[in-house]
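Pasting model.pdb here (PDB, C-alpha atoms):
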MODEL        1
ATOM      1  CA  MET A 547      29.369  19.879  62.846
ATOM      2  CA  ALA A 548      32.244  21.806  61.302
ATOM      3  CA  ASP A 549      31.844  23.232  57.828
ATOM      4  CA  ALA A 550      32.425  20.494  55.292
ATOM      5  CA  LYS A 551      35.557  21.042  53.242
ATOM      6  CA  VAL A 552      35.024  19.510  49.814
ATOM      7  CA  ILE A 553      38.284  18.127  48.453
ATOM      8  CA  PRO A 554      38.593  18.785  44.712
ATOM      9  CA  PHE A 555      38.350  15.689  42.594
ATOM     10  CA  ASP A 556      41.481  16.595  40.672
ATOM     11  CA  GLU A 557      43.691  17.497  43.625
ATOM     12  CA  ASP A 558      47.213  16.090  43.202
ATOM     13  CA  ARG A 559      48.438  13.775  45.911
ATOM     14  CA  PRO A 560      51.367  11.315  46.272
ATOM     15  CA  ARG A 561      50.766   8.044  44.463
ATOM     16  CA  ARG A 562      50.134   4.902  46.479
ATOM     17  CA  ARG A 563      50.047   1.252  45.565
ATOM     18  CA  PRO A 564      46.890  -0.299  44.031
ATOM     19  CA  PRO A 565      44.204  -1.447  46.486
ATOM     20  CA  ARG A 566      44.622  -4.916  47.877
ATOM     21  CA  ARG A 567      42.364  -7.322  49.693
ATOM     22  CA  VAL A 568      43.051  -7.615  53.430
ATOM     23  CA  ARG A 569      41.725 -10.439  55.566
ATOM     24  CA  VAL A 570      40.366  -9.249  58.894
ATOM     25  CA  ALA A 571      42.101 -10.985  61.788
ATOM     26  CA  ALA A 572      40.125 -14.034  62.839
ATOM     27  CA  ALA A 573      40.076 -15.813  66.161
ATOM     28  CA  THR A 574      39.502 -19.162  64.468
ATOM     29  CA  GLU A 575      39.358 -20.458  60.930
ATOM     30  CA  PRO A 576      35.826 -21.775  60.337
ATOM     31  CA  GLU A 577      35.244 -24.561  57.888
ATOM     32  CA  ALA A 578      34.251 -23.582  54.357
ATOM     33  CA  VAL A 579      30.505 -23.142  53.938
ATOM     34  CA  ALA A 580      28.713 -22.229  50.729
ATOM     35  CA  PRO A 581      27.650 -18.553  50.604
ATOM     36  CA  LEU A 582      24.074 -17.373  50.335
ATOM     37  CA  PRO A 583      22.630 -18.139  46.885
ATOM     38  CA  ALA A 584      22.140 -15.312  44.409
ATOM     39  CA  PRO A 585      18.567 -14.030  43.930
ATOM     40  CA  GLY A 586      16.629 -16.593  41.941
ATOM     41  CA  ALA A 587      19.446 -19.170  42.008
ATOM     42  CA  GLU A 588      17.298 -21.672  43.877
ATOM     43  CA  ALA A 589      14.485 -21.610  41.286
ATOM     44  CA  GLY A 590      13.341 -25.090  40.468
ATOM     45  CA  ALA A 591      14.942 -26.634  43.529
ATOM     46  CA  ALA A 592      13.003 -28.451  46.220
ATOM     47  CA  PRO A 593      11.511 -25.970  48.721
ATOM     48  CA  GLY A 594      13.038 -27.736  51.719
ATOM     49  CA  GLY A 595      16.495 -27.787  50.183
ATOM     50  CA  SER A 596      16.251 -24.113  49.270
ATOM     51  CA  TRP A 597      15.446 -23.060  52.828
ATOM     52  CA  ASP A 598      18.149 -25.339  54.199
ATOM     53  CA  ARG A 599      20.723 -23.661  51.978
ATOM     54  CA  ARG A 600      19.471 -20.198  52.942
ATOM     55  CA  ILE A 601      19.674 -20.970  56.657
ATOM     56  CA  ALA A 602      23.098 -22.600  56.321
ATOM     57  CA  GLY A 603      24.371 -19.674  54.285
ATOM     58  CA  GLY A 604      22.971 -17.161  56.784
ATOM     59  CA  LEU A 605      24.557 -18.947  59.739
ATOM     60  CA  ALA A 606      27.878 -19.167  57.895
ATOM     61  CA  PHE A 607      27.708 -15.454  57.150
ATOM     62  CA  LEU A 608      27.035 -14.589  60.801
ATOM     63  CA  ARG A 609      29.860 -16.855  61.943
ATOM     64  CA  ARG A 610      32.322 -15.154  59.597
ATOM     65  CA  ARG A 611      31.201 -11.770  60.925
ATOM     66  CA  VAL A 612      31.671 -12.840  64.549
ATOM     67  CA  THR A 613      35.047 -14.513  64.017
ATOM     68  CA  GLY A 614      36.362 -11.803  61.713
ATOM     69  CA  ASP A 615      36.948 -14.216  58.839
ATOM     70  CA  TYR A 616      36.163 -11.797  56.025
ATOM     71  CA  GLU A 617      38.147  -9.524  53.721
ATOM     72  CA  VAL A 618      38.224  -5.788  53.105
ATOM     73  CA  ASP A 619      40.466  -3.827  50.757
ATOM     74  CA  ASP A 620      42.604  -0.769  51.486
ATOM     75  CA  PHE A 621      39.555   1.472  51.177
ATOM     76  CA  GLY A 622      37.486  -0.564  53.652
ATOM     77  CA  TYR A 623      35.293  -2.167  50.957
ATOM     78  CA  ASP A 624      33.554  -5.316  52.223
ATOM     79  CA  GLU A 625      32.314  -7.207  49.157
ATOM     80  CA  GLU A 626      30.531  -9.958  51.074
ATOM     81  CA  LEU A 627      28.616  -7.531  53.314
ATOM     82  CA  THR A 628      27.683  -5.450  50.261
ATOM     83  CA  ASP A 629      26.378  -8.449  48.319
ATOM     84  CA  GLN A 630      24.589 -10.201  51.169
ATOM     85  CA  VAL A 631      23.211  -7.280  53.206
ATOM     86  CA  LEU A 632      23.497  -3.799  51.694
ATOM     87  CA  MET A 633      22.292  -4.763  48.203
ATOM     88  CA  SER A 634      19.445  -6.752  49.762
ATOM     89  CA  LEU A 635      18.338  -3.678  51.728
ATOM     90  CA  LEU A 636      18.448  -1.408  48.671
ATOM     91  CA  ARG A 637      16.838  -3.867  46.244
ATOM     92  CA  PRO A 638      13.181  -3.412  47.435
ATOM     93  CA  LEU A 639      13.563   0.365  47.049
ATOM     94  CA  TYR A 640      15.034  -0.184  43.587
ATOM     95  CA  ASP A 641      12.589  -2.854  42.344
ATOM     96  CA  LYS A 642       9.307  -2.041  44.085
ATOM     97  CA  TYR A 643       9.393   1.623  45.087
ATOM     98  CA  PHE A 644      11.211   3.403  42.252
ATOM     99  CA  ARG A 645      10.646   0.556  39.735
ATOM    100  CA  VAL A 646      13.926   1.361  38.025
ATOM    101  CA  GLU A 647      14.235   0.572  34.308
ATOM    102  CA  VAL A 648      17.801   0.070  33.088
ATOM    103  CA  LYS A 649      18.951   0.649  29.527
ATOM    104  CA  GLY A 650      22.319   0.261  27.822
ATOM    105  CA  VAL A 651      23.977  -1.744  30.604
ATOM    106  CA  GLU A 652      25.819  -3.655  27.874
ATOM    107  CA  ASN A 653      27.851  -0.473  27.271
ATOM    108  CA  ILE A 654      29.685  -1.092  30.552
ATOM    109  CA  PRO A 655      32.823  -3.203  29.921
ATOM    110  CA  LYS A 656      32.667  -6.811  31.098
ATOM    111  CA  GLU A 657      36.069  -6.475  32.733
ATOM    112  CA  GLY A 658      38.738  -3.892  33.415
ATOM    113  CA  GLY A 659      38.497  -0.348  34.647
ATOM    114  CA  ALA A 660      35.912   2.170  33.440
ATOM    115  CA  LEU A 661      34.660   5.518  34.720
ATOM    116  CA  ILE A 662      30.877   5.945  34.815
ATOM    117  CA  VAL A 663      29.881   9.637  34.842
ATOM    118  CA  ALA A 664      26.270  10.488  35.774
ATOM    119  CA  ASN A 665      24.036  13.453  36.522
ATOM    120  CA  HIS A 666      23.274  14.101  40.198
ATOM    121  CA  SER A 667      19.970  15.196  41.751
ATOM    122  CA  GLY A 668      17.296  14.495  44.320
ATOM    123  CA  THR A 669      18.285  16.415  47.507
ATOM    124  CA  LEU A 670      19.564  13.137  49.026
ATOM    125  CA  PRO A 671      22.059  11.012  47.029
ATOM    126  CA  LEU A 672      19.771   8.055  46.393
ATOM    127  CA  ASP A 673      20.582   8.203  42.673
ATOM    128  CA  GLY A 674      24.127   6.976  43.278
ATOM    129  CA  LEU A 675      22.871   4.033  45.330
ATOM    130  CA  MET A 676      20.291   3.077  42.706
ATOM    131  CA  MET A 677      22.976   3.250  40.008
ATOM    132  CA  GLN A 678      25.087   0.904  42.127
ATOM    133  CA  VAL A 679      22.236  -1.618  42.326
ATOM    134  CA  ALA A 680      21.579  -1.295  38.575
ATOM    135  CA  VAL A 681      25.158  -2.244  37.708
ATOM    136  CA  HIS A 682      25.312  -5.039  40.272
ATOM    137  CA  ASP A 683      21.988  -6.680  39.360
ATOM    138  CA  HIS A 684      21.756  -6.095  35.604
ATOM    139  CA  HIS A 685      25.285  -6.280  34.250
ATOM    140  CA  PRO A 686      26.047  -9.763  32.840
ATOM    141  CA  ALA A 687      29.217  -9.946  34.949
ATOM    142  CA  ARG A 688      27.391  -8.594  38.067
ATOM    143  CA  ARG A 689      30.111  -5.994  38.487
ATOM    144  CA  HIS A 690      30.516  -3.774  41.530
ATOM    145  CA  LEU A 691      30.441   0.009  41.188
ATOM    146  CA  ARG A 692      32.792   1.987  43.413
ATOM    147  CA  LEU A 693      31.289   5.439  43.953
ATOM    148  CA  LEU A 694      33.305   8.581  44.648
ATOM    149  CA  ALA A 695      31.726  10.671  47.417
ATOM    150  CA  ALA A 696      32.283  14.114  48.957
ATOM    151  CA  ASP A 697      34.182  14.241  52.241
ATOM    152  CA  LEU A 698      30.960  15.242  54.047
ATOM    153  CA  VAL A 699      29.812  11.619  53.661
ATOM    154  CA  PHE A 700      32.849  10.421  55.609
ATOM    155  CA  MET A 701      32.303  12.947  58.408
ATOM    156  CA  LEU A 702      28.885  11.560  59.367
ATOM    157  CA  PRO A 703      28.745   8.807  62.009
ATOM    158  CA  VAL A 704      27.349   5.459  60.841
ATOM    159  CA  VAL A 705      27.062   6.789  57.263
ATOM    160  CA  ASN A 706      30.856   6.923  57.112
ATOM    161  CA  GLU A 707      31.229   3.253  58.029
ATOM    162  CA  LEU A 708      28.442   2.064  55.728
ATOM    163  CA  ALA A 709      29.842   4.064  52.805
ATOM    164  CA  ARG A 710      33.277   2.511  53.236
ATOM    165  CA  LYS A 711      31.805  -0.983  53.524
ATOM    166  CA  ALA A 712      29.778  -0.420  50.332
ATOM    167  CA  GLY A 713      32.912   0.485  48.384
ATOM    168  CA  HIS A 714      32.589   4.273  48.331
ATOM    169  CA  THR A 715      35.715   6.372  48.611
ATOM    170  CA  LEU A 716      36.774  10.001  48.668
ATOM    171  CA  ALA A 717      36.201  11.955  45.449
ATOM    172  CA  CYS A 718      39.830  12.759  44.707
ATOM    173  CA  ALA A 719      41.974  11.989  41.687
ATOM    174  CA  GLU A 720      44.397   9.740  43.538
ATOM    175  CA  ASP A 721      41.796   7.295  44.881
ATOM    176  CA  ALA A 722      39.940   7.238  41.563
ATOM    177  CA  GLN A 723      43.088   6.449  39.603
ATOM    178  CA  ARG A 724      44.110   3.669  41.972
ATOM    179  CA  LEU A 725      40.736   2.001  41.552
ATOM    180  CA  LEU A 726      40.708   2.385  37.769
ATOM    181  CA  GLU A 727      44.222   0.995  37.421
ATOM    182  CA  ALA A 728      43.144  -1.955  39.561
ATOM    183  CA  GLY A 729      40.398  -2.748  37.013
ATOM    184  CA  GLU A 730      37.445  -1.448  39.043
ATOM    185  CA  LEU A 731      34.289   0.296  37.851
ATOM    186  CA  VAL A 732      34.278   3.799  39.311
ATOM    187  CA  GLY A 733      31.225   6.063  39.477
ATOM    188  CA  VAL A 734      31.423   9.847  39.707
ATOM    189  CA  MET A 735      28.808  12.605  39.676
ATOM    190  CA  PRO A 736      30.734  15.765  38.795
ATOM    191  CA  GLU A 737      27.882  18.174  39.613
ATOM    192  CA  GLY A 738      28.372  17.407  43.313
ATOM    193  CA  PHE A 739      26.328  19.510  45.735
ATOM    194  CA  LYS A 740      25.428  21.928  42.930
ATOM    195  CA  GLY A 741      23.435  19.166  41.279
ATOM    196  CA  ILE A 742      21.916  17.389  44.236
ATOM    197  CA  GLY A 743      20.912  20.638  45.953
ATOM    198  CA  LYS A 744      19.559  22.613  43.017
ATOM    199  CA  PRO A 745      15.982  23.970  43.179
ATOM    200  CA  PHE A 746      13.108  22.065  41.622
ATOM    201  CA  GLY A 747      12.732  24.719  38.931
ATOM    202  CA  ASP A 748      16.160  23.742  37.543
ATOM    203  CA  ARG A 749      15.440  20.025  37.370
ATOM    204  CA  TYR A 750      17.203  18.087  34.621
ATOM    205  CA  LYS A 751      19.401  21.076  33.787
ATOM    206  CA  LEU A 752      22.974  19.924  34.292
ATOM    207  CA  GLN A 753      25.178  22.103  36.438
ATOM    208  CA  ARG A 754      28.855  22.771  35.822
ATOM    209  CA  PHE A 755      31.047  19.644  35.694
ATOM    210  CA  GLY A 756      33.891  21.087  37.764
ATOM    211  CA  ARG A 757      37.352  21.452  36.238
ATOM    212  CA  GLY A 758      37.344  18.201  34.274
ATOM    213  CA  GLY A 759      39.313  16.234  36.859
ATOM    214  CA  PHE A 760      37.449  13.020  36.030
ATOM    215  CA  VAL A 761      38.572  13.262  32.395
ATOM    216  CA  SER A 762      42.195  13.727  33.435
ATOM    217  CA  THR A 763      41.984  10.670  35.695
ATOM    218  CA  ALA A 764      40.474   8.516  32.953
ATOM    219  CA  LEU A 765      43.191   9.649  30.527
ATOM    220  CA  ARG A 766      45.951   8.761  32.981
ATOM    221  CA  ALA A 767      44.453   5.315  33.590
ATOM    222  CA  GLY A 768      43.593   4.778  29.904
ATOM    223  CA  THR A 769      40.059   3.677  30.795
ATOM    224  CA  PRO A 770      36.819   4.450  28.908
ATOM    225  CA  ILE A 771      34.275   6.993  30.141
ATOM    226  CA  VAL A 772      30.656   5.758  30.195
ATOM    227  CA  PRO A 773      28.037   8.567  30.355
ATOM    228  CA  CYS A 774      24.976   7.762  32.467
ATOM    229  CA  SER A 775      21.624   9.599  32.523
ATOM    230  CA  ILE A 776      19.188   9.185  35.431
ATOM    231  CA  VAL A 777      15.551  10.286  35.141
ATOM    232  CA  GLY A 778      13.183  10.172  38.121
ATOM    233  CA  ALA A 779      15.476  11.231  40.956
ATOM    234  CA  GLU A 780      14.739  14.949  40.496
ATOM    235  CA  GLU A 781      11.163  14.555  41.746
ATOM    236  CA  ILE A 782      11.648  12.416  44.880
ATOM    237  CA  TYR A 783      12.170  15.527  47.047
ATOM    238  CA  PRO A 784      10.965  18.625  45.147
ATOM    239  CA  MET A 785      13.217  21.287  46.653
ATOM    240  CA  VAL A 786      11.266  24.560  46.670
ATOM    241  CA  GLY A 787      13.475  26.404  49.161
ATOM    242  CA  ASN A 788      16.800  26.420  50.969
ATOM    243  CA  ALA A 789      17.210  27.581  54.577
ATOM    244  CA  LYS A 790      20.767  28.873  54.104
ATOM    245  CA  THR A 791      21.196  30.256  57.629
ATOM    246  CA  LEU A 792      20.205  26.936  59.174
ATOM    247  CA  ALA A 793      22.477  25.112  56.731
ATOM    248  CA  ARG A 794      25.453  27.232  57.845
ATOM    249  CA  LEU A 795      24.672  26.544  61.500
ATOM    250  CA  LEU A 796      24.551  22.804  60.827
ATOM    251  CA  GLY A 797      27.655  22.882  58.638
ATOM    252  CA  ILE A 798      25.932  21.368  55.603
ATOM    253  CA  PRO A 799      25.797  22.633  51.994
ATOM    254  CA  TYR A 800      22.059  23.303  52.058
ATOM    255  CA  PHE A 801      18.946  22.702  54.169
ATOM    256  CA  PRO A 802      16.138  21.643  51.822
ATOM    257  CA  ILE A 803      12.565  22.811  52.097
ATOM    258  CA  THR A 804      10.088  20.653  50.197
ATOM    259  CA  PRO A 805       6.266  20.503  50.117
ATOM    260  CA  THR A 806       6.458  17.870  52.885
ATOM    261  CA  PHE A 807       9.693  18.642  54.771
ATOM    262  CA  PRO A 808      10.112  19.870  57.475
ATOM    263  CA  TRP A 809       6.367  20.459  57.824
ATOM    264  CA  LEU A 810       5.454  16.772  58.264
ATOM    265  CA  GLY A 811       8.473  15.910  60.398
ATOM    266  CA  PRO A 812      10.019  12.470  59.785
ATOM    267  CA  LEU A 813       7.154  11.598  57.436
ATOM    268  CA  GLY A 814       8.281  14.441  55.195
ATOM    269  CA  ALA A 815      11.612  12.662  54.671
ATOM    270  CA  VAL A 816       9.923   9.798  52.797
ATOM    271  CA  PRO A 817      10.769  10.161  49.085
ATOM    272  CA  LEU A 818       7.984  10.307  46.517
ATOM    273  CA  PRO A 819       7.539   7.003  44.598
ATOM    274  CA  THR A 820       8.645   8.251  41.188
ATOM    275  CA  LYS A 821       9.378   5.997  38.214
ATOM    276  CA  TRP A 822      13.082   5.909  37.353
ATOM    277  CA  THR A 823      15.055   5.218  34.189
ATOM    278  CA  ILE A 824      18.827   4.763  34.187
ATOM    279  CA  GLN A 825      20.519   4.705  30.801
ATOM    280  CA  PHE A 826      24.199   3.998  30.199
ATOM    281  CA  GLY A 827      25.508   5.541  26.992
ATOM    282  CA  GLU A 828      28.165   4.412  24.583
ATOM    283  CA  PRO A 829      31.648   4.506  26.133
ATOM    284  CA  ILE A 830      34.112   7.211  25.142
ATOM    285  CA  PRO A 831      37.589   5.608  24.768
ATOM    286  CA  THR A 832      40.667   7.321  26.205
ATOM    287  CA  ASP A 833      43.387   4.726  25.575
ATOM    288  CA  GLY A 834      44.273   6.229  22.183
ATOM    289  CA  TYR A 835      45.657   9.444  23.650
ATOM    290  CA  PRO A 836      49.355   9.939  24.518
ATOM    291  CA  PRO A 837      50.399  10.108  28.214
ATOM    292  CA  GLU A 838      50.814  13.885  28.118
ATOM    293  CA  ALA A 839      47.156  14.298  27.049
ATOM    294  CA  ALA A 840      46.110  14.317  30.713
ATOM    295  CA  GLU A 841      47.861  17.685  31.059
ATOM    296  CA  ASP A 842      46.208  19.276  28.013
ATOM    297  CA  PRO A 843      43.529  21.689  29.335
ATOM    298  CA  MET A 844      41.869  22.112  25.939
ATOM    299  CA  LEU A 845      41.483  18.348  25.473
ATOM    300  CA  MET A 846      40.069  17.975  28.990
ATOM    301  CA  PHE A 847      37.600  20.792  28.325
ATOM    302  CA  ASN A 848      36.457  19.215  25.040
ATOM    303  CA  LEU A 849      36.033  15.732  26.515
ATOM    304  CA  THR A 850      34.247  17.098  29.584
ATOM    305  CA  ASP A 851      31.876  19.043  27.349
ATOM    306  CA  GLN A 852      31.314  15.941  25.178
ATOM    307  CA  VAL A 853      30.367  13.834  28.203
ATOM    308  CA  ARG A 854      28.119  16.562  29.641
ATOM    309  CA  GLU A 855      26.320  17.131  26.327
ATOM    310  CA  GLN A 856      25.745  13.406  25.839
ATOM    311  CA  ILE A 857      24.202  13.091  29.309
ATOM    312  CA  GLN A 858      22.044  16.206  28.821
ATOM    313  CA  HIS A 859      20.814  15.091  25.403
ATOM    314  CA  THR A 860      19.875  11.663  26.759
ATOM    315  CA  LEU A 861      18.026  13.247  29.682
ATOM    316  CA  TYR A 862      15.874  15.313  27.326
ATOM    317  CA  ARG A 863      15.146  12.268  25.172
ATOM    318  CA  LEU A 864      14.136  10.147  28.180
ATOM    319  CA  LEU A 865      11.906  12.939  29.497
ATOM    320  CA  VAL A 866      10.068  13.130  26.174
ATOM    321  CA  GLN A 867       9.569   9.358  26.181
ATOM    322  CA  ARG A 868       8.259   8.928  29.716
ATOM    323  CA  ARG A 869       4.485   8.820  30.195
ATOM    324  CA  SER A 870       4.348  10.147  33.763
ATOM    325  CA  VAL A 871       6.511  11.079  36.704
ATOM    326  CA  PHE A 872       5.014   8.215  38.700
ATOM    327  CA  PHE A 873       4.177   5.554  36.066
TER
ENDMDL
END

Any chance you could give the structure as structure tokens?
Amino acid sequence: MADAKVIPFDEDRPRRRPPRRVRVAAATEPEAVAPLPAPGAEAGAAPGGSWDRRIAGGLAFLRRRVTGDYEVDDFGYDEELTDQVLMSLLRPLYDKYFRVEVKGVENIPKEGGALIVANHSGTLPLDGLMMQVAVHDHHPARRHLRLLAADLVFMLPVVNELARKAGHTLACAEDAQRLLEAGELVGVMPEGFKGIGKPFGDRYKLQRFGRGGFVSTALRAGTPIVPCSIVGAEEIYPMVGNAKTLARLLGIPYFPITPTFPWLGPLGAVPLPTKWTIQFGEPIPTDGYPPEAAEDPMLMFNLTDQVREQIQHTLYRLLVQRRSVFF
């Protein structure tokens, strides 16, 4: 694999139109069939009727997949596949394995664009996926979170396609602004590889937040910034070493060495079952600033530092409150 070139989040690019929904070409137009029910929606219904609806919904879903009668937007986001399949695959990991506790989800706006900024850790980016499930399952409006990812994600086979289908897009200012202006929730983890690949001894110590590109994007779109603190992800793969030479040969930012990997082979890639807490802080408004504020480096520095300090302070408070890494 070639060396991954990380595109800066705040790189300037030509503006494009807002994302739109595109119907995939279909061979035939199938008749309308009710979608799969939401988790728990069939409570209280007759068991036979519940299973009938599940089977009918599943068959309808498969038929739409085969005939191509489904929609994606300009970024490749497939809302139906995300709701029906990808969220269902992640939910057991979220509910049963990491037992995620969510706080402050009411701080996320019920509608309109907002930028959720979170800390990043864990060797593998499971924290972003768990944050996506938290917003989808716990927000009153069941909103979808569109994550910004490094270009390395879109260079990997299979992962590239799944990321696009799940609504992820390249971590650059242009794509982020298009999504925000279209009223989407956008998630960014400014620490990038510096956060996710830091050694275990530096756990819960936030790394540098780049050049403040996410603040500039939020200012241009006039959308609030919602700080998010995630506790529990740091311990799933305790990174005690980094095989830098091997990482360069493979073209990846780092090659982690943990107490179980690579010594136990594939078994060593199983994350530890830590107990997670995800807390969304009070939003920081940006719509009161003039248009030229996005070009003010001092303002961007101050807002970036405010967001970073709020996340760090919340991390320390959550760490003091938790009883154990695993319970």

Checklist entry - When you draw a straight line from CA of Ile830 in chain A to CA of Lys740 in chain A, how long is it in Å? => result 24.7 Å

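The coordinates place CA of Asp697 in chain A at 29.3 Å from CA of Glu838 in chain A.
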
Next on the checklist: I'd like the neighbourhood of range 854-863 of chain A as a ChimeraX atom specification, where a residue qualifies if any of its atoms comes within 8 Å (using all atoms listed in the file), though same-chain residues fewer than 2 positions away should be ignored.
Outcome noted: /A:664-665,750-752,755,773-777,827,850-852,865-867

Take the residues from that selection and write them out as an mmCIF file, keeping the file's coordinate frame, keeping C-alpha atoms.
data_model
loop_
_atom_site.group_PDB
_atom_site.id
_atom_site.type_symbol
_atom_site.label_atom_id
_atom_site.label_comp_id
_atom_site.auth_asym_id
_atom_site.auth_seq_id
_atom_site.Cartn_x
_atom_site.Cartn_y
_atom_site.Cartn_z
ATOM 1 C CA ALA A 664 26.270 10.488 35.774
ATOM 2 C CA ASN A 665 24.036 13.453 36.522
ATOM 3 C CA TYR A 750 17.203 18.087 34.621
ATOM 4 C CA LYS A 751 19.401 21.076 33.787
ATOM 5 C CA LEU A 752 22.974 19.924 34.292
ATOM 6 C CA PHE A 755 31.047 19.644 35.694
ATOM 7 C CA PRO A 773 28.037 8.567 30.355
ATOM 8 C CA CYS A 774 24.976 7.762 32.467
ATOM 9 C CA SER A 775 21.624 9.599 32.523
ATOM 10 C CA ILE A 776 19.188 9.185 35.431
ATOM 11 C CA VAL A 777 15.551 10.286 35.141
ATOM 12 C CA GLY A 827 25.508 5.541 26.992
ATOM 13 C CA THR A 850 34.247 17.098 29.584
ATOM 14 C CA ASP A 851 31.876 19.043 27.349
ATOM 15 C CA GLN A 852 31.314 15.941 25.178
ATOM 16 C CA LEU A 865 11.906 12.939 29.497
ATOM 17 C CA VAL A 866 10.068 13.130 26.174
ATOM 18 C CA GLN A 867 9.569 9.358 26.181
#

Next on the checklist: If we count all atoms listed in the file and set the cut-off at 12 Å, which residues sit around range 808-818 of chain A, ignoring sequence neighbours fewer than 2 positions away in its own chain? Please answer as a PyMOL selection string.
Outcome noted: chain A and resi 639+643-644+668-673+778-789+801-806+820-822+871-872

Item to check | Test item: residues at most 7 Å from His666 in chain A, all atoms listed in the file, excluding those fewer than 2 positions along its chain, as a ChimeraX atom specification | outcome: /A:664,673,735,737-738,741-742

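Note that the spacing between CA of Thr613 in chain A and CA of Arg710 in chain A amounts to 20.2 Å.
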
Checklist entry - Which polymer residues have any atom within 8 Å of an atom of range 674-681 of chain A, counting only C-alpha atoms, with same-chain residues fewer than 6 positions away left out, as an MDAnalysis selection string? => result chainID A and resid 633 636:637 640 648 651 666 688:693 824
